[in-house]
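Contents: one structure, followed by commentary.
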Amino acid sequence: MTRIARLGRCGVLVLTGVIGAWLGMATAQAEDANKADIDALRKSLDKYQDYTAAIRDLYLSTVGCVHYTGEKIPGAMDYPKGAMGIHFVNVPSVGQKLDPMRPNVLIYEPTKEGLRLVAVEWLVPLTPDTKEPPKLLGQTFQGPMEGHYPLIPKEFVHYDLHAWLFKENPNGMFSPTNPNVECSNAEFPMLEKPTKMMPGPM
């Protein structure tokens, strides 16, 4: 190998190393930024550990404790076995500008001690102006999908994103279901089938 070829090869290796290090730093910075946002979000929502505070702020309960068997249905969303819980929806906020600090839904797990805040959810309706799935906290929303009937009309085609801020989820913070959440203490447990996927930007 000639000296020029060796120098060229060394240059490529150095450049590759620099690019790799830069990408690693950029990823770490993005993760740090998302962690800071998540920490701030968790702190801002802590008052809703008391579900009556949520009701006063117009988060209204859908009553049913939603859970899934993990059944896979072609053309439907993939929901791992587990539960979501009881959804408290702030209806006036749905369809408004996406606010990372104000989720549209608070999700509670029924326990022997009462309702425990475990997760939040953002809902974004599919409209003719939608060009791509919404993103938040470094995550792409799931969908588009039908509304979660019977709690939400099927005609409400939307994207959603869950975040398990207050209870660890072995499937990941942004998984739609959590196997550690139980509906056995719920007055109205509601076993749902996976929601049908709909045409739209994915």
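Every chain in the structure tokens has a letter given in the order shown (A, B, ...), and although residue numbers restart at 1 in each chain, ligands are simply numbered from 1 in the order shown.
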
Do you have, as a Markdown table, the list of residues of region 24-85 of chain A lying at most 10 Å from region 150-162 of chain A, each with its nearest atom pair and that distance in Å to one decimal, counting only C-alpha atoms and ordered by chain then number?
```
| residue | atom | partner | partner_atom | distance |
| --- | --- | --- | --- | --- |
| A:Thr62 | CA | A:Leu151 | CA | 6.5 |
| A:Val63 | CA | A:Leu151 | CA | 8.8 |
| A:Gly64 | CA | A:Leu151 | CA | 7.8 |
| A:Val66 | CA | A:Leu151 | CA | 9.5 |
| A:Met84 | CA | A:His162 | CA | 9.1 |
```

### Message
Just want the 12 Å neighbourhood of Gln139 (chain A), counted on only C-alpha atoms, with same-chain residues fewer than 5 positions away dropped. Output as a ChimeraX atom specification.
### Response
/A:30-31,34,100,122,133-134,160-163,172-175

Pull N, CA, C and O atoms from the residues just selected and write them as a PDB file, in the first residue's frame.
```
ATOM      1  N   ALA A  30     -30.292  14.585  22.801  1.00  0.00           N
ATOM      2  CA  ALA A  30     -31.729  14.463  22.562  1.00  0.00           C
ATOM      3  C   ALA A  30     -32.399  13.704  23.700  1.00  0.00           C
ATOM      4  O   ALA A  30     -33.468  14.089  24.184  1.00  0.00           O
ATOM      5  N   GLU A  31     -31.747  12.610  24.149  1.00  0.00           N
ATOM      6  CA  GLU A  31     -32.300  11.834  25.255  1.00  0.00           C
ATOM      7  C   GLU A  31     -32.344  12.657  26.535  1.00  0.00           C
ATOM      8  O   GLU A  31     -33.319  12.607  27.288  1.00  0.00           O
ATOM      9  N   ASN A  34     -35.235  15.099  26.250  1.00  0.00           N
ATOM     10  CA  ASN A  34     -36.502  14.426  26.462  1.00  0.00           C
ATOM     11  C   ASN A  34     -36.690  14.079  27.937  1.00  0.00           C
ATOM     12  O   ASN A  34     -37.793  14.175  28.468  1.00  0.00           O
ATOM     13  N   PRO A 100     -47.298  19.552  25.033  1.00  0.00           N
ATOM     14  CA  PRO A 100     -46.574  18.490  25.739  1.00  0.00           C
ATOM     15  C   PRO A 100     -46.776  18.532  27.248  1.00  0.00           C
ATOM     16  O   PRO A 100     -46.601  17.521  27.922  1.00  0.00           O
ATOM     17  N   TRP A 122     -51.994  11.560  24.897  1.00  0.00           N
ATOM     18  CA  TRP A 122     -52.347  12.665  24.000  1.00  0.00           C
ATOM     19  C   TRP A 122     -53.148  12.094  22.833  1.00  0.00           C
ATOM     20  O   TRP A 122     -52.815  11.020  22.301  1.00  0.00           O
ATOM     21  N   PRO A 133     -47.689  11.633  10.862  1.00  0.00           N
ATOM     22  CA  PRO A 133     -48.091  11.390  12.250  1.00  0.00           C
ATOM     23  C   PRO A 133     -47.473  12.427  13.173  1.00  0.00           C
ATOM     24  O   PRO A 133     -46.343  12.866  12.959  1.00  0.00           O
ATOM     25  N   PRO A 134     -48.198  12.846  14.192  1.00  0.00           N
ATOM     26  CA  PRO A 134     -47.628  13.795  15.153  1.00  0.00           C
ATOM     27  C   PRO A 134     -46.506  13.150  15.957  1.00  0.00           C
ATOM     28  O   PRO A 134     -46.429  11.916  16.081  1.00  0.00           O
ATOM     29  N   ASP A 160     -52.669   8.477  18.799  1.00  0.00           N
ATOM     30  CA  ASP A 160     -52.481   8.675  20.235  1.00  0.00           C
ATOM     31  C   ASP A 160     -51.083   8.268  20.682  1.00  0.00           C
ATOM     32  O   ASP A 160     -50.371   7.538  19.987  1.00  0.00           O
ATOM     33  N   LEU A 161     -50.709   8.788  21.836  1.00  0.00           N
ATOM     34  CA  LEU A 161     -49.417   8.469  22.450  1.00  0.00           C
ATOM     35  C   LEU A 161     -49.615   8.362  23.950  1.00  0.00           C
ATOM     36  O   LEU A 161     -50.159   9.270  24.583  1.00  0.00           O
ATOM     37  N   HIS A 162     -49.205   7.218  24.512  1.00  0.00           N
ATOM     38  CA  HIS A 162     -49.262   7.001  25.954  1.00  0.00           C
ATOM     39  C   HIS A 162     -47.880   7.239  26.556  1.00  0.00           C
ATOM     40  O   HIS A 162     -46.860   6.997  25.910  1.00  0.00           O
ATOM     41  N   ALA A 163     -47.865   7.664  27.805  1.00  0.00           N
ATOM     42  CA  ALA A 163     -46.607   7.799  28.545  1.00  0.00           C
ATOM     43  C   ALA A 163     -46.853   7.348  29.984  1.00  0.00           C
ATOM     44  O   ALA A 163     -47.663   7.956  30.693  1.00  0.00           O
ATOM     45  N   GLY A 172     -41.922  -0.651  28.053  1.00  0.00           N
ATOM     46  CA  GLY A 172     -41.417   0.667  27.676  1.00  0.00           C
ATOM     47  C   GLY A 172     -42.374   1.767  28.094  1.00  0.00           C
ATOM     48  O   GLY A 172     -43.594   1.564  28.172  1.00  0.00           O
ATOM     49  N   MET A 173     -41.818   2.939  28.358  1.00  0.00           N
ATOM     50  CA  MET A 173     -42.622   4.061  28.839  1.00  0.00           C
ATOM     51  C   MET A 173     -43.756   4.423  27.892  1.00  0.00           C
ATOM     52  O   MET A 173     -44.830   4.859  28.320  1.00  0.00           O
ATOM     53  N   PHE A 174     -43.555   4.237  26.571  1.00  0.00           N
ATOM     54  CA  PHE A 174     -44.541   4.719  25.603  1.00  0.00           C
ATOM     55  C   PHE A 174     -45.382   3.599  24.992  1.00  0.00           C
ATOM     56  O   PHE A 174     -46.065   3.811  23.994  1.00  0.00           O
ATOM     57  N   SER A 175     -45.346   2.416  25.586  1.00  0.00           N
ATOM     58  CA  SER A 175     -46.211   1.323  25.124  1.00  0.00           C
ATOM     59  C   SER A 175     -47.661   1.667  25.459  1.00  0.00           C
ATOM     60  O   SER A 175     -47.938   2.283  26.500  1.00  0.00           O
TER      61      SER A 175
END
```

### Task
Apply DSSP to the backbone of this structure and, from chain A, keep only the residues in strand (DSSP E); write these as a PyMOL selection string.
chain A and resi 60-68+82-89+105-111+114-125+135-136+139-140+142-145+158-163+189-191

### Query
Could you write out, as number ranges by chain, all the residues of chain A that DSSP marks as alpha helix (DSSP H)?
A: 3-45, 51-56

#### Entry: Pick from A:Pro199, A:Pro179, A:Gly143, A:Gly95, whichever lies nearest to Pro80 (chain A) using only C-alpha atoms
A:Pro179

### Task
Tell me, as a PyMOL selection string, which residues lie within 9 Å of Lys81 (chain A), counting only C-alpha atoms; anything in the same chain fewer than 3 positions away does not count.
chain A and resi 67-71+177-179

Could the residues in this selection be saved with N, CA, C and O atoms as a PDB file, in the first residue's frame?
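Generated file (selection.pdb):
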```
ATOM      1  N   HIS A  67     -58.669  -3.095  29.381  1.00  0.00           N
ATOM      2  CA  HIS A  67     -57.551  -4.030  29.345  1.00  0.00           C
ATOM      3  C   HIS A  67     -57.670  -4.918  28.108  1.00  0.00           C
ATOM      4  O   HIS A  67     -58.729  -4.992  27.468  1.00  0.00           O
ATOM      5  N   TYR A  68     -56.543  -5.572  27.752  1.00  0.00           N
ATOM      6  CA  TYR A  68     -56.445  -6.350  26.515  1.00  0.00           C
ATOM      7  C   TYR A  68     -55.812  -7.711  26.786  1.00  0.00           C
ATOM      8  O   TYR A  68     -54.995  -7.860  27.691  1.00  0.00           O
ATOM      9  N   THR A  69     -56.198  -8.691  25.960  1.00  0.00           N
ATOM     10  CA  THR A  69     -55.668 -10.051  26.108  1.00  0.00           C
ATOM     11  C   THR A  69     -54.340 -10.236  25.389  1.00  0.00           C
ATOM     12  O   THR A  69     -53.670 -11.244  25.584  1.00  0.00           O
ATOM     13  N   GLY A  70     -53.977  -9.295  24.524  1.00  0.00           N
ATOM     14  CA  GLY A  70     -52.792  -9.463  23.693  1.00  0.00           C
ATOM     15  C   GLY A  70     -53.113 -10.100  22.350  1.00  0.00           C
ATOM     16  O   GLY A  70     -52.216 -10.387  21.554  1.00  0.00           O
ATOM     17  N   GLU A  71     -54.413 -10.323  22.082  1.00  0.00           N
ATOM     18  CA  GLU A  71     -54.853 -10.912  20.805  1.00  0.00           C
ATOM     19  C   GLU A  71     -54.393 -10.045  19.635  1.00  0.00           C
ATOM     20  O   GLU A  71     -54.476  -8.816  19.684  1.00  0.00           O
ATOM     21  N   THR A 177     -50.082  -0.339  26.399  1.00  0.00           N
ATOM     22  CA  THR A 177     -50.591  -1.126  27.522  1.00  0.00           C
ATOM     23  C   THR A 177     -49.463  -1.441  28.498  1.00  0.00           C
ATOM     24  O   THR A 177     -48.285  -1.403  28.145  1.00  0.00           O
ATOM     25  N   ASN A 178     -49.874  -1.777  29.719  1.00  0.00           N
ATOM     26  CA  ASN A 178     -48.903  -2.070  30.762  1.00  0.00           C
ATOM     27  C   ASN A 178     -49.315  -3.355  31.485  1.00  0.00           C
ATOM     28  O   ASN A 178     -50.389  -3.402  32.103  1.00  0.00           O
ATOM     29  N   PRO A 179     -48.479  -4.413  31.423  1.00  0.00           N
ATOM     30  CA  PRO A 179     -48.844  -5.667  32.086  1.00  0.00           C
ATOM     31  C   PRO A 179     -48.835  -5.566  33.610  1.00  0.00           C
ATOM     32  O   PRO A 179     -49.341  -6.466  34.290  1.00  0.00           O
TER      33      PRO A 179
END
```

### Task
Write out as a PyMOL selection string which residues come within 7 Å of Tyr59 (chain A) when counting only C-alpha atoms, dropping same-chain ones fewer than 4 positions away.
chain A and resi 54-55+88-90

For those residues, write N, CA, C and O atoms to a file as a PDB file, in the first residue's frame.
```pdb
ATOM      1  N   ALA A  54     -58.298  16.411  39.142  1.00  0.00           N
ATOM      2  CA  ALA A  54     -58.466  16.215  37.697  1.00  0.00           C
ATOM      3  C   ALA A  54     -59.887  16.580  37.278  1.00  0.00           C
ATOM      4  O   ALA A  54     -60.095  17.251  36.253  1.00  0.00           O
ATOM      5  N   ILE A  55     -60.872  16.153  38.057  1.00  0.00           N
ATOM      6  CA  ILE A  55     -62.270  16.458  37.730  1.00  0.00           C
ATOM      7  C   ILE A  55     -62.514  17.964  37.752  1.00  0.00           C
ATOM      8  O   ILE A  55     -63.190  18.511  36.874  1.00  0.00           O
ATOM      9  N   PHE A  88     -59.504   9.443  32.090  1.00  0.00           N
ATOM     10  CA  PHE A  88     -60.164  10.707  32.403  1.00  0.00           C
ATOM     11  C   PHE A  88     -59.807  11.665  31.266  1.00  0.00           C
ATOM     12  O   PHE A  88     -58.646  12.054  31.113  1.00  0.00           O
ATOM     13  N   VAL A  89     -60.813  12.039  30.473  1.00  0.00           N
ATOM     14  CA  VAL A  89     -60.577  12.803  29.240  1.00  0.00           C
ATOM     15  C   VAL A  89     -60.975  14.263  29.413  1.00  0.00           C
ATOM     16  O   VAL A  89     -62.073  14.567  29.886  1.00  0.00           O
ATOM     17  N   ASN A  90     -60.078  15.145  28.999  1.00  0.00           N
ATOM     18  CA  ASN A  90     -60.394  16.568  28.949  1.00  0.00           C
ATOM     19  C   ASN A  90     -60.869  16.864  27.527  1.00  0.00           C
ATOM     20  O   ASN A  90     -60.073  17.183  26.640  1.00  0.00           O
TER      21      ASN A  90
END
```

### Task
Tell me which protein, DNA and RNA residues are within 12 Å of Pro201 (chain A), counting only C-alpha atoms, leaving out same-chain ones fewer than 6 positions away, and put them as an NGL selection string.
:A and (126-134 or 140-145 or 158-159)

Okay, now the selection with N, CA, C and O atoms, as a compact mmCIF listing (two decimals), in the first residue's frame?
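To be explicit, this is the file written out as selection_11.txt:
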```
# COMPACT_ATOMS: atom_id res chain seq x y z
N LEU A 126 -57.35 12.75 13.22
CA LEU A 126 -56.91 12.74 11.83
C LEU A 126 -57.79 13.70 11.05
O LEU A 126 -59.01 13.61 11.09
N THR A 127 -57.16 14.67 10.37
CA THR A 127 -57.91 15.64 9.57
C THR A 127 -57.37 15.62 8.13
O THR A 127 -56.30 15.07 7.86
N PRO A 128 -58.11 16.23 7.19
CA PRO A 128 -57.62 16.29 5.80
C PRO A 128 -56.27 16.99 5.67
O PRO A 128 -55.56 16.79 4.69
N ASP A 129 -55.91 17.82 6.66
CA ASP A 129 -54.65 18.56 6.61
C ASP A 129 -53.47 17.77 7.17
O ASP A 129 -52.33 18.24 7.10
N THR A 130 -53.72 16.59 7.73
CA THR A 130 -52.65 15.80 8.33
C THR A 130 -51.71 15.27 7.26
O THR A 130 -52.14 14.54 6.37
N LYS A 131 -50.44 15.63 7.35
CA LYS A 131 -49.45 15.20 6.36
C LYS A 131 -48.54 14.09 6.89
O LYS A 131 -47.96 13.34 6.13
N GLU A 132 -48.42 14.01 8.22
CA GLU A 132 -47.58 12.99 8.83
C GLU A 132 -48.05 12.78 10.27
O GLU A 132 -48.73 13.63 10.84
N PRO A 133 -47.69 11.63 10.86
CA PRO A 133 -48.09 11.39 12.25
C PRO A 133 -47.47 12.43 13.17
O PRO A 133 -46.34 12.87 12.96
N PRO A 134 -48.20 12.85 14.19
CA PRO A 134 -47.63 13.79 15.15
C PRO A 134 -46.51 13.15 15.96
O PRO A 134 -46.43 11.92 16.08
N THR A 140 -43.07 9.00 17.94
CA THR A 140 -44.11 9.13 16.92
C THR A 140 -45.40 8.52 17.43
O THR A 140 -45.39 7.41 17.98
N PHE A 141 -46.49 9.22 17.28
CA PHE A 141 -47.79 8.72 17.73
C PHE A 141 -48.18 7.45 16.98
O PHE A 141 -47.79 7.25 15.83
N GLN A 142 -48.99 6.62 17.62
CA GLN A 142 -49.56 5.45 16.97
C GLN A 142 -50.82 5.85 16.21
O GLN A 142 -51.54 6.75 16.61
N GLY A 143 -51.11 5.11 15.13
CA GLY A 143 -52.32 5.37 14.36
C GLY A 143 -51.98 5.70 12.92
O GLY A 143 -50.84 5.51 12.48
N PRO A 144 -53.03 6.17 12.20
CA PRO A 144 -54.37 6.50 12.69
C PRO A 144 -55.21 5.25 12.95
O PRO A 144 -54.99 4.20 12.36
N MET A 145 -56.18 5.41 13.85
CA MET A 145 -57.04 4.30 14.27
C MET A 145 -58.44 4.81 14.55
O MET A 145 -58.66 6.02 14.72
N HIS A 158 -58.10 8.84 14.91
CA HIS A 158 -57.11 9.65 15.62
C HIS A 158 -55.77 8.95 15.72
O HIS A 158 -55.62 7.76 15.43
N TYR A 159 -54.79 9.72 16.19
CA TYR A 159 -53.49 9.21 16.63
C TYR A 159 -53.45 9.34 18.15
O TYR A 159 -54.10 10.22 18.72
```

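What separates CA of Met202 (chain A) from CA of Ser93 (chain A) is a distance of 23.3 Å.
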
### Query
Please, what distance in Å, to one decimal, runs between CA of Glu187 (chain A) and CA of Arg116 (chain A)?
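One can read the CA of Glu187 (chain A) to CA of Arg116 (chain A) distance as 14.5 Å.
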
#### Entry: Selection near Val181 (chain A), 12 Å with only C-alpha atoms, sequence-local residues under 3 positions removed, as a ChimeraX atom specification
/A:65-68,81-86,107-111,115-119,164,166-171,176-178,184-186
